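Undergrad: Here it is, the structure, as structure tokens.
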Amino acid sequence: MISPSWLAYVLAAVVIAVALFSAARLVAARGRRRRCEVDADSVHVVMGIAMAGMFVPGLAVLPGGLWAVIFAAGAAWFGWRAIRVRRLAAAHTPAPTSGAMTSGPAAAAAAAYPARRSRWARSPRRPRPARLAQPAPAVRRGPGRDCCPFPVPHLIDCLAMVYALVAVPAIVATSAPQASGGTGGGMAVMSHGGDMASAGGARVPVIGLILAILVCGYIVWLADRIQRHAAAPGAIPAAAGAAALLAPRTATCCKIAMGVAMGVMLIDLL
Amino acid sequence: MASQGALPRTAAQPASAVVPQSAAGDAPDLRRWLQLGLAALWVLDAVLQYQPVMFTRSFGRMLAESGAGNPAVVAEPIRWAAGIVEHNPTWTNAAFATIQLALGLGIAWRPAIRLALAGSVIWSLAVWWLGEGLGGVLTGTASPLGEAPGAVVLYALLAVLLWPARDRQARGAGGRGAFVAARPFGPHAARALWLVLWGSLAYFAVLPANRGARAMPGMIAEMAEGEPHWLASVNRGAAGLLAGQGLTASIVLAAVLAVIAAGIFLPGRWVRPVLTLAIVVSAAIWIVAQDLGEILAGGSTDVNSAPLLILLALAYWPLRPPRDVPRPGPAGPAAAACSRTGITGGAS
């Protein structure tokens, strides 16, 4: 176990809690006719289970190689989503006439809701409806329905998992089923008890460092945005069929917790 | 996250009433981005502090070493604190890491930013003394290639300069070109801080411990131990290049640092090249001499000073007036003043 072992258990408990919350959100959103981020919540369920097995080998349920394939597929999905969001944003972005929509977060939000933005672009004098919590109709009907509007951080998360599972010899070496005596074999990312040399270290540590820095940036970006989930003054009630996002602030806190756990894991692998 | 976006104006608002988002407190301006950069560094430090080796007695011994060479009045508290850490490594390190994580998240979470920045100043100064031995400033061994004047004290400096003050914005705009670091205390005080920091780095570069023929090359060559092959090659190459030229290298480095220190007083268009030079020099030092904060070698507690110096340089970058601030007229002269000075309002 990691030294101290309680830290491994705490981190495992955190990621399992995040996985449980994400699973509950997926179910509750369906029952309450609220929106959730199906792709992000799904990947958090899987990621929580996988990371718990990496922190505490006894909790591993699948071999490391299989997890790597799963997260590679996740990375492909979020990569495709990132490209699509970017293309849609480019296709619907009018020539900038003011700085109001050119800053980073505003542009990202515009990229997430291209149809609404194009509608504004066609009638710039028209008052903008204050529906912060509803996606544009085209988004609701299109392939991006109920998907996270910011896929890039989740792409990084998936790539970090693939890196952790593929680039570290210690994981590969201990991922055989008999390693933990469990059903699927322990991955034991943090099982070297503080002796970094015994783990062999990551094959390309600088990639792990870059991923860790990106994850830390993602954490503070999320923390900066928690306040934006508060109801906007003057916002009109959600229209029929335009359900609000379920528990957005709690979901953001869960992403932060998952990010911290992932950062600890990545640094530990260096 | 449907609400992650620009705050729309209400239907009752006319188009002319739209204010720039930075002024509306929604989209981050440069100061907010720098605050988030500082927060990210705190979070990264926290993650580094959670490394298994930090939970061992060796961390306490490492702290105790920082007291060596310091006057007794400085060294005794260091030994006392290091003793506590050495005897209780698990809980003290867990507390340290959690505090740093809280500082990072607090700076990023807008309602807590002032508390977190104030906490950053207090925590940084405490660590600067009890964890870094004042960065070796009093021992004569501080080096700009190392972590002089102590990486952690730069967190405190940044927390002060990025303080979300509003009442002194006018003073910040009063100098030759407004910049983020001028907002809390005005441009003159901010430039004086820059001069002291970079001037001290120039002074440290020519200290007897750093200007010997083998001092600088030896310091760089020693960094190669435990680093990945490519980074160790960079160290050895740089050390070989400077072999026997330590004095010359020290003088050149001191001259460059002195130019950076004094260059902040140049007119706006000349400040940008100086700040660019500061960023390039810091980046070069971070790679060649600080080995990315020795994170890849394991056992590092922070990213070292160079990334903080880069953040600091960005805080002094002259701001351009936003294009979307209303011109004088119905909006009044205050908006025109903001337009001229580049102040876009405090997002935080």
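To be explicit about the labels: the chains of the structure tokens are called A, B, and onward in the order shown, and within each one the residues are counted from 1, while ligands get numbers from 1 in the order they are shown.
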What lies within 12 Å of Gly263 in chain B using only C-alpha atoms, ignoring chain neighbours under 2 positions off, as a list of chain:residue names?

TA: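 Answer for this query is B:Arg191, B:Ala192, B:Trp194, B:Leu195, B:Trp198, B:Gly199, B:Ala255, B:Val256, B:Leu257, B:Ala258, B:Val259, B:Ile260, B:Ala261, B:Phe265, B:Leu266, B:Pro267, B:Gly268, B:Arg269, B:Trp270, B:Val271, B:Arg272, B:Pro273, B:Val274, B:Leu275, B:Thr276, B:Leu277, B:Ala278, B:Ala313, B:Tyr316.
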
Undergrad: For Val153 in chain B, work out the shell of residues within 8 Å, counting only C-alpha atoms and skipping chain neighbours fewer than 3 positions away, then give it as a ChimeraX atom specification.

TA: /B:124-125,128,149-150,156-157

Undergrad: Write out as a list in words the residues lying within 12 Å of Val204 in chain A, counting only C-alpha atoms and excluding same-chain residues fewer than 5 positions away.

TA: Tyr163, Ala164, Val166, Ala167, Val168, Pro169, Leu209, Ile210, Leu211, Leu266, Leu269 and Leu270 of chain A; Glu227, Pro228, His229, Trp230, Leu231 and Leu296 of chain B

Undergrad: Which distance in Å separates CA of Ala75 in chain B and CA of Phe59 in chain B, to one decimal?

TA: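 A separation of 16.8 Å between them.
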
Undergrad: Between A:Ala261, A:Ala91, A:Ile267, A:Leu62, single out the one closest to Ser300 in chain B, counting only C-alpha atoms.

TA: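 Closest residue, counting only C-alpha atoms: A:Ile267.
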
Undergrad: To one decimal place, how far is CA of Val264 in chain A from CA of Val69 in chain A in Å?

TA: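 Going from CA of Val264 in chain A over to CA of Val69 in chain A, I get 22.3 Å.
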
Undergrad: Which neighbours of range 254-256 of chain A fall inside 7 Å, counting only C-alpha atoms, when residues of the same chain fewer than 2 positions from it are skipped, and could you give them as a list in words?

TA: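 Skipping anything fewer than 2 positions along the chain leaves Val18, Ile219, Leu222, Thr250, Ala251, Thr252, Met258, Gly259 and Val260 of chain A.
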
Undergrad: What is the CA of Ser58 in chain B to CA of Ala148 in chain B distance in Å?

TA: 22.8 Å
